[in-house]
Amino acid sequence: MADLSSRNPDWWRQAVIYQVYPRSFADADGDGLGDLRGITGRLPHLAALGVDALWLSPFYPSELADGGYDVADHRDVDPRLGTLDDFDAMAAEAHRLGLKVIVDIVPNHTSRLHPWFQEALLAGPGSAARDRYVFRPGRGEHGELPPSDWRSVFGGSAWHRVPDGEWYLHLFAPEQPDLNWAHDEVRADFRTTLRFWSDRGVDGFRVDVAHALVKDLAEPLRDVAQFGATGEQALERVPPGTHPYWDRDEVHEIFRDWRKIFDAYSPPRTAVAEAWVPGARRALYARPDELGQAFNFEYLQTAWDADALRGAITGALATARAAGASATWVLSNHDVVRHASRLMLPPGTDENAWLLSGGRAPEIDASHSLRRARAATLLMLALPGSSYVYQGEELGLPEAADLPVGVLQDPVWEQTGRARKGRDGCRVPLPWTADGPSYGFGSGGAWLPQPEWFGSYAVETQAGTAGSTLELYRTALRLRRKLLEGESLTWAADAPFGVLHFARSEGWRCVTNVSHAPVPLPPGEVLLASVPLPLDGTLPPDTTVWLGA
Ligand code: NOJ
C-alpha cells in the first residue's frame, strides 16, 4: 500500500491531485461566485472520493480579467472568496481529513491592479518602478508601433500602449502585465510569497506558465517572424532554449533557487510546472533540484488511438525517468475541453469551431462519450506517476459547449475579436444536487449559467448509485491506493491491434480496448471495469479493465 502520509516526503510521486477552480466549486455566501468557505464545506466530498490532495486555482485578489490568473496581491485572499482566516480554516480541515493542499502561484505576470503596476504607470518612462515590468518605447517614427512582433497567447500583439506613449509586455491579457524576472525585487518578492504560503501549511505549488518567466530583453528585441512562424509555433523553429520569451534556459536558475526554499520545510514542499513545451524540455522543469514535476500535456493532446496513446505514455515515462521525476497525467483542466466530450471529437476536429457550433457540429453521443471518458480515466489512474483530476470529471461532466456567447467571461473571446470562444465551457459551476437553485452550488445563482441537464450529473444523483461515474472514481481511487508501489510498467507483447495492455511492476494489469470491435478479455481476476463487462469473455470497445496479478 502506498504511503501517502506526511511522514513520506515522496507522497506526491504517485498522488491523485484534485483541481478545484474556486469560483466554480461551491458558493457558501450566495453571491454566485464560489468561495473558500464553500470549499471547506465540500471537503468531505474530496475525502470520500479518495484523492490525496487538492490544488486550488488562484483565489487571490483579482479583477477576474483572466479568471483569477490576474493576481493583484499574491499573499491575500480575494474578499469575494473569503479571508486569510478562511484559508487557514480550509487548510486545517483539509489536513484533518488527510488531504494535502497545493496552491497556484502565478509568477509570470501580475494584475494591472497590483500596486507595483499602478506605481509603474504613475512613475513614468525610465523610472525604477517601470523596471519591475517590461516597458519599452515603440517602433515607428512616433513610437506608434509595438516594440516587437511578440504575440499574446490570447490573441493579438503582446504589447499594450499606455497614455505616455510607452508600451508594456503582456503575454496574456493586457490586464496581466509581465514581470521582469531580471529584477532582484521580483525574485525576492516571490521567495517571500512561497514562504508565506508554506508557513501557512501549504504542501505544494502549481507554477503557472513556468516556461515564460525569462525573456530575452537585449536590445534590439528580436522579432519571432525571423523564425518563420509566430506565436507558440515559433518555439519549434528555434534552437531549444533560445526563443525570445518561451522556455529559455535561464529560467531554470529561478526554480533551482525555489527548490532551496521548498527543501527548507519538512516534508519538502512540492511543485509542478505548467510548461507547454515538448517532452524532453519539459522534463528539465521536473528535475529533483527544480520543481520535481511538470504537467505532461502531450497525453491530454493525444487522440483516442492505441498506438498514439502507447507512444505518449512510453515517451512521458521515459522523459520523467531521465529527469529523476515522477510522471504526470492530465485529462481535463480549466483550460481545455472536458475529456468526457473531447475524446469523442474525430481526430483533427477544430475544437473552437465545435464550441462555436454550440457542440452540434459534430453532435456527440453523450452516453458513448461518457463510456470513453471512463475508459480513459481508468487507463490514466493505472499509470505510474501522479494523476491530476479536474473538478467535475469525477461526475463525468461533459463540456458545456452551448454557452451563449453573451455570457462568456474568458478574455480569449474578446481578445480574438470574438473568433475563439474560449474556456468557459469547462468552468461552469458544479452541480451538487439534482435540482434547486444552481443545483446546490449556492443560493444565489451561478456566475456562468448551468445547462438544464446538469442535475443528472449531480453529486447527489450519483453518490451511492451503483455504476455511476462518481462511484467508479471512488472505487478506482480506493483500489489504486492498495495497488500502487513501483513506478514502472511493462507492455504485454501479445496485445491485439487497438488494445493497450500493460502490467505494473506489482503484477496487476490494465487493459483498454481502444478499437471499434470487442477483443478477448485476457485471463485474470477482474478488479474493476469502466463499464459492466458482458458475460461472453470479451472486452468491448471503449472499455478499460484492471486485472489482478
Ligand atoms: C495558465 C492558466 O492555466 C490559464 O488559465 C491562464 O489563463 C494562463 N496561464 C495565464 O495565467
# chains A, B, ... in the order shown; residues from 1 in each chain; ligands from 1

$ residues_around --residues "Val214 in chain A" --least-positions-apart "2" --cutoff "8 Å" --atoms "only C-alpha atoms" --output "number ranges by chain"
A: 180-182, 211-212, 216, 245-248, 250-251

$ write_last_selection --atoms "all heavy atoms" --output "compact mmCIF listing (two decimals), in the first residue's frame"
# COMPACT_ATOMS: atom_id res chain seq x y z
N ASN A 180 9.33 41.50 -14.82
CA ASN A 180 10.71 41.42 -15.30
C ASN A 180 11.52 40.58 -14.31
O ASN A 180 11.90 41.07 -13.24
CB ASN A 180 11.29 42.84 -15.41
CG ASN A 180 12.78 42.81 -15.69
OD1 ASN A 180 13.33 41.78 -16.08
ND2 ASN A 180 13.44 43.96 -15.47
N TRP A 181 11.77 39.33 -14.67
CA TRP A 181 12.45 38.42 -13.73
C TRP A 181 13.95 38.66 -13.64
O TRP A 181 14.65 37.98 -12.89
CB TRP A 181 12.11 36.96 -14.07
CG TRP A 181 10.86 36.56 -13.36
CD1 TRP A 181 9.58 36.74 -13.78
CD2 TRP A 181 10.77 35.98 -12.05
NE1 TRP A 181 8.70 36.31 -12.81
CE2 TRP A 181 9.40 35.83 -11.75
CE3 TRP A 181 11.71 35.58 -11.09
CZ2 TRP A 181 8.95 35.29 -10.54
CZ3 TRP A 181 11.26 35.04 -9.89
CH2 TRP A 181 9.91 34.89 -9.62
N ALA A 182 14.43 39.66 -14.39
CA ALA A 182 15.84 40.03 -14.21
C ALA A 182 15.96 40.98 -13.02
O ALA A 182 17.06 41.37 -12.62
CB ALA A 182 16.36 40.71 -15.47
N HIS A 211 7.35 28.30 -18.00
CA HIS A 211 8.32 28.42 -19.09
C HIS A 211 8.39 29.83 -19.68
O HIS A 211 9.11 30.06 -20.65
CB HIS A 211 8.01 27.42 -20.21
CG HIS A 211 6.65 27.58 -20.83
ND1 HIS A 211 5.50 27.66 -20.10
CD2 HIS A 211 6.25 27.66 -22.13
CE1 HIS A 211 4.47 27.78 -20.91
NE2 HIS A 211 4.90 27.78 -22.14
N ALA A 212 7.66 30.78 -19.07
CA ALA A 212 7.61 32.12 -19.68
C ALA A 212 8.41 33.17 -18.92
O ALA A 212 8.60 34.28 -19.42
CB ALA A 212 6.16 32.58 -19.78
N ASP A 216 14.27 37.37 -23.38
CA ASP A 216 15.50 37.96 -23.90
C ASP A 216 15.20 39.44 -24.15
O ASP A 216 14.56 39.79 -25.14
CB ASP A 216 15.89 37.26 -25.20
CG ASP A 216 17.16 37.84 -25.78
OD1 ASP A 216 17.77 38.72 -25.12
OD2 ASP A 216 17.57 37.44 -26.89
N TYR A 245 11.04 34.46 -25.67
CA TYR A 245 10.26 34.51 -24.43
C TYR A 245 9.70 33.18 -23.95
O TYR A 245 9.10 33.14 -22.87
CB TYR A 245 9.15 35.57 -24.49
CG TYR A 245 8.26 35.56 -25.72
CD1 TYR A 245 7.02 34.94 -25.70
CD2 TYR A 245 8.65 36.21 -26.88
CE1 TYR A 245 6.19 34.96 -26.82
CE2 TYR A 245 7.83 36.23 -28.00
CZ TYR A 245 6.60 35.61 -27.97
OH TYR A 245 5.79 35.64 -29.06
N TRP A 246 9.84 32.12 -24.68
CA TRP A 246 9.36 30.83 -24.17
C TRP A 246 10.52 29.91 -23.84
O TRP A 246 11.43 29.75 -24.65
CB TRP A 246 8.48 30.10 -25.20
CG TRP A 246 7.16 30.71 -25.53
CD1 TRP A 246 6.69 30.97 -26.79
CD2 TRP A 246 6.11 31.09 -24.63
NE1 TRP A 246 5.43 31.50 -26.72
CE2 TRP A 246 5.04 31.58 -25.42
CE3 TRP A 246 5.96 31.06 -23.25
CZ2 TRP A 246 3.85 32.05 -24.86
CZ3 TRP A 246 4.77 31.53 -22.69
CH2 TRP A 246 3.73 32.01 -23.50
N ASP A 247 10.45 29.28 -22.67
CA ASP A 247 11.33 28.15 -22.37
C ASP A 247 12.81 28.48 -22.52
O ASP A 247 13.58 27.70 -23.07
CB ASP A 247 10.94 26.97 -23.29
CG ASP A 247 11.64 25.68 -22.88
OD1 ASP A 247 11.87 25.47 -21.68
OD2 ASP A 247 11.97 24.87 -23.79
N ARG A 248 13.21 29.63 -22.04
CA ARG A 248 14.62 29.99 -22.14
C ARG A 248 15.44 29.27 -21.07
O ARG A 248 14.97 29.04 -19.95
CB ARG A 248 14.80 31.51 -22.00
CG ARG A 248 14.22 32.24 -23.19
CD ARG A 248 14.49 33.72 -23.12
NE ARG A 248 15.93 34.02 -23.12
CZ ARG A 248 16.70 33.96 -24.20
NH1 ARG A 248 16.20 33.62 -25.37
NH2 ARG A 248 17.99 34.24 -24.10
N GLU A 250 17.70 30.15 -19.13
CA GLU A 250 17.97 30.85 -17.86
C GLU A 250 16.85 30.67 -16.83
O GLU A 250 17.04 30.94 -15.64
CB GLU A 250 18.14 32.37 -18.09
CG GLU A 250 19.22 32.75 -19.07
CD GLU A 250 18.70 32.85 -20.49
OE1 GLU A 250 17.85 32.00 -20.88
OE2 GLU A 250 19.14 33.74 -21.23
N VAL A 251 15.66 30.23 -17.27
CA VAL A 251 14.54 30.14 -16.34
C VAL A 251 14.83 29.13 -15.23
O VAL A 251 14.31 29.22 -14.12
CB VAL A 251 13.24 29.81 -17.13
CG1 VAL A 251 13.14 28.33 -17.46
CG2 VAL A 251 12.01 30.28 -16.40

$ residues_near_ligand --ligand "ligand 1" --cutoff "6 Å" --atoms "only C-alpha atoms and all ligand atoms" --output "list in words"
Asp66, Tyr69, Phe172, Asp208, Val209 and Asp335 of chain A

$ write_last_selection --atoms "all heavy atoms" --output "compact mmCIF listing (two decimals), in the first residue's frame"
# COMPACT_ATOMS: atom_id res chain seq x y z
N ASP A 66 -8.82 37.41 -16.04
CA ASP A 66 -8.49 36.07 -16.55
C ASP A 66 -8.79 35.04 -15.46
O ASP A 66 -7.92 34.27 -15.05
CB ASP A 66 -7.02 36.03 -17.00
CG ASP A 66 -6.64 34.65 -17.55
OD1 ASP A 66 -7.54 33.91 -18.00
OD2 ASP A 66 -5.43 34.31 -17.53
N TYR A 69 -6.27 34.49 -12.69
CA TYR A 69 -4.84 34.39 -13.03
C TYR A 69 -4.25 35.79 -13.27
O TYR A 69 -3.15 35.93 -13.78
CB TYR A 69 -4.62 33.46 -14.23
CG TYR A 69 -4.70 31.99 -13.81
CD1 TYR A 69 -5.89 31.30 -13.85
CD2 TYR A 69 -3.58 31.34 -13.32
CE1 TYR A 69 -5.97 29.97 -13.43
CE2 TYR A 69 -3.64 30.02 -12.90
CZ TYR A 69 -4.84 29.35 -12.96
OH TYR A 69 -4.90 28.04 -12.53
N PHE A 172 -0.29 37.47 -21.95
CA PHE A 172 -1.69 37.02 -21.88
C PHE A 172 -2.57 38.26 -22.09
O PHE A 172 -2.37 38.98 -23.05
CB PHE A 172 -1.91 36.25 -20.56
CG PHE A 172 -1.12 34.95 -20.57
CD1 PHE A 172 0.20 34.90 -20.11
CD2 PHE A 172 -1.66 33.81 -21.12
CE1 PHE A 172 0.94 33.73 -20.19
CE2 PHE A 172 -0.93 32.63 -21.20
CZ PHE A 172 0.37 32.60 -20.73
N ASP A 208 2.29 28.50 -12.55
CA ASP A 208 1.65 28.93 -13.78
C ASP A 208 2.68 29.37 -14.82
O ASP A 208 3.64 30.08 -14.48
CB ASP A 208 0.73 30.12 -13.44
CG ASP A 208 -0.21 30.49 -14.57
OD1 ASP A 208 -1.04 29.65 -14.95
OD2 ASP A 208 -0.10 31.63 -15.08
N VAL A 209 2.45 28.98 -16.07
CA VAL A 209 3.37 29.28 -17.19
C VAL A 209 4.84 29.40 -16.76
O VAL A 209 5.51 30.40 -17.01
CB VAL A 209 2.96 30.49 -18.05
CG1 VAL A 209 1.92 30.09 -19.08
CG2 VAL A 209 2.48 31.69 -17.27
N ASP A 335 -8.46 24.77 -18.65
CA ASP A 335 -8.06 25.41 -19.90
C ASP A 335 -8.45 24.61 -21.14
O ASP A 335 -8.18 25.07 -22.26
CB ASP A 335 -6.53 25.59 -19.93
CG ASP A 335 -6.03 26.65 -18.96
OD1 ASP A 335 -6.80 27.59 -18.68
OD2 ASP A 335 -4.89 26.53 -18.49

$ closest_residue --among "A:Val207, A:Leu33, A:Ala492, A:Ala229" --to "Arg427 in chain A" --atoms "only C-alpha atoms"
A:Leu33

$ select_by_dssp --residues "range 361-476 of chain A" --states "helix (DSSP H, G or I)" --output "tab-separated table (two decimals) with N, CA and C atoms, in the first residue's frame"
chain	number	residue	atom	x	y	z
A	366	ALA	N	-23.84	11.46	-25.95
A	366	ALA	CA	-23.40	11.67	-24.56
A	366	ALA	C	-23.06	10.36	-23.86
A	367	SER	N	-23.82	9.29	-24.12
A	367	SER	CA	-23.53	8.08	-23.36
A	367	SER	C	-22.28	7.40	-23.90
A	368	HIS	N	-22.09	7.46	-25.20
A	368	HIS	CA	-20.85	6.89	-25.75
A	368	HIS	C	-19.65	7.69	-25.27
A	369	SER	N	-19.82	8.98	-25.23
A	369	SER	CA	-18.67	9.80	-24.85
A	369	SER	C	-18.33	9.59	-23.37
A	370	LEU	N	-19.34	9.37	-22.55
A	370	LEU	CA	-19.07	9.10	-21.13
A	370	LEU	C	-18.36	7.75	-20.99
A	371	ARG	N	-18.79	6.81	-21.78
A	371	ARG	CA	-18.17	5.49	-21.74
A	371	ARG	C	-16.67	5.60	-22.06
A	372	ARG	N	-16.37	6.37	-23.09
A	372	ARG	CA	-14.96	6.53	-23.47
A	372	ARG	C	-14.18	7.28	-22.39
A	373	ALA	N	-14.81	8.29	-21.82
A	373	ALA	CA	-14.13	9.05	-20.77
A	373	ALA	C	-13.81	8.15	-19.58
A	374	ARG	N	-14.73	7.28	-19.23
A	374	ARG	CA	-14.49	6.39	-18.09
A	374	ARG	C	-13.34	5.43	-18.40
A	375	ALA	N	-13.29	4.95	-19.63
A	375	ALA	CA	-12.19	4.06	-20.01
A	375	ALA	C	-10.86	4.82	-19.94
A	376	ALA	N	-10.88	6.05	-20.42
A	376	ALA	CA	-9.65	6.85	-20.41
A	376	ALA	C	-9.20	7.12	-18.98
A	377	THR	N	-10.15	7.36	-18.11
A	377	THR	CA	-9.82	7.64	-16.71
A	377	THR	C	-9.19	6.42	-16.03
A	378	LEU	N	-9.78	5.26	-16.23
A	378	LEU	CA	-9.19	4.08	-15.58
A	378	LEU	C	-7.81	3.78	-16.15
A	379	LEU	N	-7.63	4.06	-17.43
A	379	LEU	CA	-6.29	3.91	-18.01
A	379	LEU	C	-5.32	4.88	-17.32
A	380	MET	N	-5.71	6.12	-17.21
A	380	MET	CA	-4.84	7.12	-16.58
A	380	MET	C	-4.49	6.72	-15.15
A	381	LEU	N	-5.51	6.30	-14.40
A	381	LEU	CA	-5.27	6.01	-12.99
A	381	LEU	C	-4.43	4.75	-12.78
A	382	ALA	N	-4.24	3.97	-13.85
A	382	ALA	CA	-3.40	2.78	-13.73
A	382	ALA	C	-1.94	3.08	-14.04
A	393	GLU	N	-14.91	16.11	-13.29
A	393	GLU	CA	-14.67	14.94	-14.14
A	393	GLU	C	-15.07	13.66	-13.42
A	394	GLU	N	-15.05	13.71	-12.06
A	394	GLU	CA	-15.50	12.54	-11.31
A	394	GLU	C	-17.01	12.33	-11.46
A	395	LEU	N	-17.67	13.33	-12.06
A	395	LEU	CA	-19.10	13.20	-12.32
A	395	LEU	C	-19.34	12.84	-13.78
A	405	VAL	N	-22.96	33.13	-26.37
A	405	VAL	CA	-21.75	33.98	-26.37
A	405	VAL	C	-21.91	35.21	-25.47
A	406	GLY	N	-23.14	35.61	-25.22
A	406	GLY	CA	-23.36	36.78	-24.36
A	406	GLY	C	-22.90	36.58	-22.92
A	407	VAL	N	-22.72	35.34	-22.48
A	407	VAL	CA	-22.33	35.14	-21.08
A	407	VAL	C	-20.83	34.88	-20.93
A	411	PRO	N	-11.26	36.03	-21.37
A	411	PRO	CA	-10.75	37.14	-22.18
A	411	PRO	C	-10.42	36.75	-23.62
A	412	VAL	N	-10.23	35.45	-23.83
A	412	VAL	CA	-9.89	34.97	-25.17
A	412	VAL	C	-10.96	35.39	-26.19
A	413	TRP	N	-12.21	35.39	-25.77
A	413	TRP	CA	-13.33	35.69	-26.68
A	413	TRP	C	-13.18	37.10	-27.27
A	414	GLU	N	-13.03	38.09	-26.40
A	414	GLU	CA	-12.92	39.47	-26.91
A	414	GLU	C	-11.56	39.71	-27.55
A	415	GLN	N	-10.52	39.13	-26.95
A	415	GLN	CA	-9.17	39.44	-27.44
A	415	GLN	C	-8.90	38.86	-28.83
A	424	ASP	N	-14.71	28.91	-21.11
A	424	ASP	CA	-15.78	28.93	-20.10
A	424	ASP	C	-16.56	27.61	-20.02
A	425	GLY	N	-16.62	26.87	-21.10
A	425	GLY	CA	-17.43	25.65	-21.13
A	425	GLY	C	-16.99	24.58	-20.16
A	426	CYS	N	-15.75	24.68	-19.66
A	426	CYS	CA	-15.30	23.70	-18.67
A	426	CYS	C	-15.27	24.32	-17.27
A	437	PRO	N	-31.89	25.80	-6.68
A	437	PRO	CA	-31.16	26.90	-7.32
A	437	PRO	C	-29.70	26.52	-7.55
A	438	SER	N	-29.27	26.73	-8.72
A	438	SER	CA	-27.90	26.43	-9.15
A	438	SER	C	-27.43	25.04	-8.73
A	439	TYR	N	-28.34	24.10	-8.70
A	439	TYR	CA	-28.00	22.69	-8.44
A	439	TYR	C	-27.07	22.54	-7.23
A	440	GLY	N	-27.40	23.28	-6.17
A	440	GLY	CA	-26.65	23.12	-4.93
A	440	GLY	C	-25.32	23.85	-4.91
A	452	GLU	N	-29.43	22.78	-18.38
A	452	GLU	CA	-30.53	22.12	-17.65
A	452	GLU	C	-30.26	20.64	-17.41
A	453	TRP	N	-29.35	20.05	-18.16
A	453	TRP	CA	-29.03	18.64	-17.93
A	453	TRP	C	-28.03	18.45	-16.78
A	454	PHE	N	-27.60	19.55	-16.15
A	454	PHE	CA	-26.58	19.42	-15.12
A	454	PHE	C	-27.02	18.55	-13.95
A	455	GLY	N	-28.32	18.64	-13.60
A	455	GLY	CA	-28.81	17.92	-12.42
A	455	GLY	C	-28.59	16.42	-12.52
A	456	SER	N	-28.64	15.90	-13.75
A	456	SER	CA	-28.50	14.44	-13.88
A	456	SER	C	-27.06	13.99	-13.61
A	457	TYR	N	-26.12	14.97	-13.57
A	457	TYR	CA	-24.73	14.63	-13.26
A	457	TYR	C	-24.36	14.97	-11.81
A	459	VAL	N	-23.62	15.43	-7.85
A	459	VAL	CA	-23.02	14.55	-6.83
A	459	VAL	C	-24.13	13.77	-6.14
A	460	GLU	N	-25.18	14.48	-5.74
A	460	GLU	CA	-26.29	13.85	-5.02
A	460	GLU	C	-26.91	12.71	-5.85
A	461	THR	N	-27.01	12.93	-7.16
A	461	THR	CA	-27.62	11.92	-8.03
A	461	THR	C	-26.75	10.66	-8.10
A	462	GLN	N	-25.44	10.88	-8.04
A	462	GLN	CA	-24.53	9.75	-8.29
A	462	GLN	C	-24.02	9.05	-7.03
A	469	THR	N	-20.57	7.28	-12.42
A	469	THR	CA	-19.18	7.66	-12.65
A	469	THR	C	-18.51	8.03	-11.33
A	470	LEU	N	-19.24	8.71	-10.46
A	470	LEU	CA	-18.66	9.06	-9.16
A	470	LEU	C	-18.25	7.80	-8.39
A	471	GLU	N	-19.10	6.80	-8.39
A	471	GLU	CA	-18.74	5.57	-7.68
A	471	GLU	C	-17.56	4.87	-8.36
A	472	LEU	N	-17.49	4.98	-9.68
A	472	LEU	CA	-16.34	4.38	-10.38
A	472	LEU	C	-15.03	5.04	-9.91
A	473	TYR	N	-15.03	6.37	-9.84
A	473	TYR	CA	-13.83	7.09	-9.38
A	473	TYR	C	-13.50	6.68	-7.95
A	474	ARG	N	-14.52	6.62	-7.11
A	474	ARG	CA	-14.26	6.28	-5.70
A	474	ARG	C	-13.63	4.90	-5.58
A	475	THR	N	-14.19	3.94	-6.31
A	475	THR	CA	-13.67	2.58	-6.22
A	475	THR	C	-12.25	2.54	-6.80
A	476	ALA	N	-12.07	3.21	-7.91
A	476	ALA	CA	-10.75	3.19	-8.56
A	476	ALA	C	-9.69	3.79	-7.64

$ closest_residue --among "A:Glu351, A:Glu274, A:Asp164, A:Asp78" --to "Gly126 in chain A" --atoms "only C-alpha atoms"
A:Asp164

$ residues_around --residues "range 92-102 of chain A" --least-positions-apart "5" --cutoff "6 Å" --atoms "only C-alpha atoms" --output "PyMOL selection string"
chain A and resi 52-55+202-205

$ write_last_selection --atoms "N, CA and C atoms" --output "JSON list (two decimals), in the first residue's frame"
[["chain", "number", "residue", "atom", "x", "y", "z"],
["A", 52, "ASP", "N", -5.68, 12.48, -2.89],
["A", 52, "ASP", "CA", -4.64, 12.71, -1.89],
["A", 52, "ASP", "C", -4.45, 14.18, -1.58],
["A", 53, "ALA", "N", -4.78, 15.02, -2.55],
["A", 53, "ALA", "CA", -4.51, 16.45, -2.38],
["A", 53, "ALA", "C", -5.52, 17.24, -3.19],
["A", 54, "LEU", "N", -5.69, 18.51, -2.81],
["A", 54, "LEU", "CA", -6.43, 19.40, -3.69],
["A", 54, "LEU", "C", -5.51, 20.52, -4.10],
["A", 55, "TRP", "N", -5.63, 20.91, -5.34],
["A", 55, "TRP", "CA", -4.89, 22.07, -5.86],
["A", 55, "TRP", "C", -5.93, 23.13, -6.14],
["A", 202, "VAL", "N", 0.78, 25.18, 3.53],
["A", 202, "VAL", "CA", 0.53, 24.69, 2.17],
["A", 202, "VAL", "C", 1.58, 23.63, 1.82],
["A", 203, "ASP", "N", 1.15, 22.56, 1.18],
["A", 203, "ASP", "CA", 2.05, 21.42, 0.92],
["A", 203, "ASP", "C", 2.78, 21.51, -0.41],
["A", 204, "GLY", "N", 2.27, 22.34, -1.31],
["A", 204, "GLY", "CA", 2.94, 22.40, -2.61],
["A", 204, "GLY", "C", 2.37, 23.51, -3.48],
["A", 205, "PHE", "N", 3.00, 23.66, -4.64],
["A", 205, "PHE", "CA", 2.67, 24.76, -5.54],
["A", 205, "PHE", "C", 2.52, 24.26, -6.97]]

$ residues_around --residues "range 108-118 of chain A" --least-positions-apart "5" --cutoff "6 Å" --atoms "only C-alpha atoms" --output "list in words"
Asp70, Val71, Ala72, Glu175, Gln176, Pro177, Asp178, Leu179 and Leu213 of chain A

$ residues_around --residues "Thr270 in chain A" --least-positions-apart "2" --cutoff "10 Å" --atoms "only C-alpha atoms" --output "NGL selection string"
:A and (9-13 or 102 or 202-206 or 259 or 262-263 or 267-268 or 272 or 290-293)

$ closest_residue --among "A:Ile39, A:Ala188, A:Ala128, A:Leu121" --to "Glu166 in chain A" --atoms "only C-alpha atoms"
A:Leu121

$ closest_residue --among "A:Ala458, A:Ala26, A:Val389, A:Leu284" --to "Ser332 in chain A" --atoms "only C-alpha atoms"
A:Val389

$ closest_residue --among "A:Val337, A:Leu383, A:Val16, A:Ala306" --to "Ser515 in chain A" --atoms "only C-alpha atoms"
A:Ala306

$ select_by_dssp --residues "range 370-549 of chain A" --states "strand (DSSP E)" --output "PyMOL selection string"
chain A and resi 386-390+489-491+499-504+509-513+519-520+526-529+538-539+543-547

$ write_last_selection --atoms "N, CA and C atoms" --output "CSV table (one decimal), in the first residue's frame"
chain,number,residue,atom,x,y,z
A,386,SER,N,1.7,10.7,-11.0
A,386,SER,CA,0.6,11.4,-10.4
A,386,SER,C,-0.5,11.7,-11.4
A,387,SER,N,-1.8,11.6,-11.0
A,387,SER,CA,-2.9,12.0,-11.9
A,387,SER,C,-3.5,13.2,-11.3
A,388,TYR,N,-3.7,14.2,-12.2
A,388,TYR,CA,-4.4,15.4,-11.8
A,388,TYR,C,-5.8,15.4,-12.4
A,389,VAL,N,-6.7,15.4,-11.5
A,389,VAL,CA,-8.2,15.3,-11.8
A,389,VAL,C,-8.8,16.6,-11.7
A,390,TYR,N,-9.6,17.0,-12.6
A,390,TYR,CA,-10.3,18.3,-12.6
A,390,TYR,C,-11.7,18.3,-12.1
A,489,LEU,N,6.1,0.2,-15.7
A,489,LEU,CA,5.1,-0.7,-16.3
A,489,LEU,C,5.8,-1.5,-17.4
A,490,THR,N,5.1,-2.6,-17.8
A,490,THR,CA,5.7,-3.5,-18.9
A,490,THR,C,4.5,-3.7,-19.8
A,491,TRP,N,4.7,-3.4,-21.1
A,491,TRP,CA,3.7,-3.6,-22.1
A,491,TRP,C,3.6,-5.1,-22.4
A,499,VAL,N,-5.4,-2.4,-28.8
A,499,VAL,CA,-5.6,-2.6,-27.4
A,499,VAL,C,-4.3,-2.2,-26.6
A,500,LEU,N,-4.5,-1.5,-25.5
A,500,LEU,CA,-3.4,-1.2,-24.6
A,500,LEU,C,-3.4,-2.2,-23.5
A,501,HIS,N,-2.3,-2.8,-23.3
A,501,HIS,CA,-2.3,-3.8,-22.2
A,501,HIS,C,-0.9,-3.7,-21.5
A,502,PHE,N,-0.9,-3.4,-20.3
A,502,PHE,CA,0.4,-3.4,-19.6
A,502,PHE,C,0.3,-3.9,-18.2
A,503,ALA,N,1.4,-4.4,-17.7
A,503,ALA,CA,1.4,-4.9,-16.3
A,503,ALA,C,2.2,-3.8,-15.5
A,504,ARG,N,1.7,-3.6,-14.2
A,504,ARG,CA,2.5,-2.7,-13.3
A,504,ARG,C,3.5,-3.6,-12.6
A,509,ARG,N,-2.7,-5.7,-13.8
A,509,ARG,CA,-2.6,-5.3,-15.2
A,509,ARG,C,-3.8,-4.4,-15.6
A,510,CYS,N,-3.6,-3.6,-16.6
A,510,CYS,CA,-4.6,-2.7,-17.1
A,510,CYS,C,-4.8,-3.0,-18.6
A,511,VAL,N,-6.0,-3.2,-19.0
A,511,VAL,CA,-6.2,-3.4,-20.5
A,511,VAL,C,-7.3,-2.5,-21.0
A,512,THR,N,-7.0,-1.8,-22.0
A,512,THR,CA,-8.0,-0.8,-22.6
A,512,THR,C,-8.2,-1.2,-24.1
A,513,ASN,N,-9.5,-1.3,-24.4
A,513,ASN,CA,-9.8,-1.6,-25.8
A,513,ASN,C,-10.2,-0.3,-26.5
A,519,VAL,N,-12.7,-7.4,-28.1
A,519,VAL,CA,-11.5,-8.3,-28.2
A,519,VAL,C,-11.6,-9.3,-27.0
A,520,PRO,N,-10.9,-10.4,-27.1
A,520,PRO,CA,-10.9,-11.4,-26.0
A,520,PRO,C,-10.4,-10.7,-24.7
A,526,VAL,N,-11.0,-10.0,-12.5
A,526,VAL,CA,-11.4,-8.6,-12.8
A,526,VAL,C,-11.5,-7.8,-11.5
A,527,LEU,N,-10.6,-6.8,-11.4
A,527,LEU,CA,-10.6,-6.0,-10.1
A,527,LEU,C,-11.6,-4.8,-10.3
A,528,LEU,N,-11.6,-4.3,-11.5
A,528,LEU,CA,-12.5,-3.2,-11.8
A,528,LEU,C,-12.7,-3.0,-13.3
A,529,ALA,N,-13.8,-2.6,-13.7
A,529,ALA,CA,-14.0,-2.4,-15.1
A,529,ALA,C,-14.8,-1.0,-15.3
A,538,THR,N,-15.5,-11.2,-23.5
A,538,THR,CA,-14.8,-10.2,-24.4
A,538,THR,C,-14.7,-8.9,-23.6
A,539,LEU,N,-13.9,-8.0,-24.1
A,539,LEU,CA,-13.7,-6.7,-23.6
A,539,LEU,C,-14.2,-5.8,-24.8
A,543,THR,N,-13.5,0.4,-23.4
A,543,THR,CA,-13.6,-0.1,-22.1
A,543,THR,C,-12.2,-0.4,-21.5
A,544,THR,N,-12.1,-0.1,-20.2
A,544,THR,CA,-10.8,-0.5,-19.5
A,544,THR,C,-11.1,-1.4,-18.4
A,545,VAL,N,-10.2,-2.4,-18.2
A,545,VAL,CA,-10.4,-3.3,-17.1
A,545,VAL,C,-9.1,-3.4,-16.4
A,546,TRP,N,-9.1,-3.5,-15.0
A,546,TRP,CA,-8.0,-3.8,-14.2
A,546,TRP,C,-8.0,-5.2,-13.8
A,547,LEU,N,-6.9,-6.0,-14.0
A,547,LEU,CA,-6.9,-7.4,-13.7
A,547,LEU,C,-5.9,-7.7,-12.6

$ residues_around --residues "Gln301 in chain A" --least-positions-apart "5" --cutoff "10 Å" --atoms "only C-alpha atoms" --output "VMD selection string"
chain A and resid 296 309 312 330 to 331 336 342 to 343
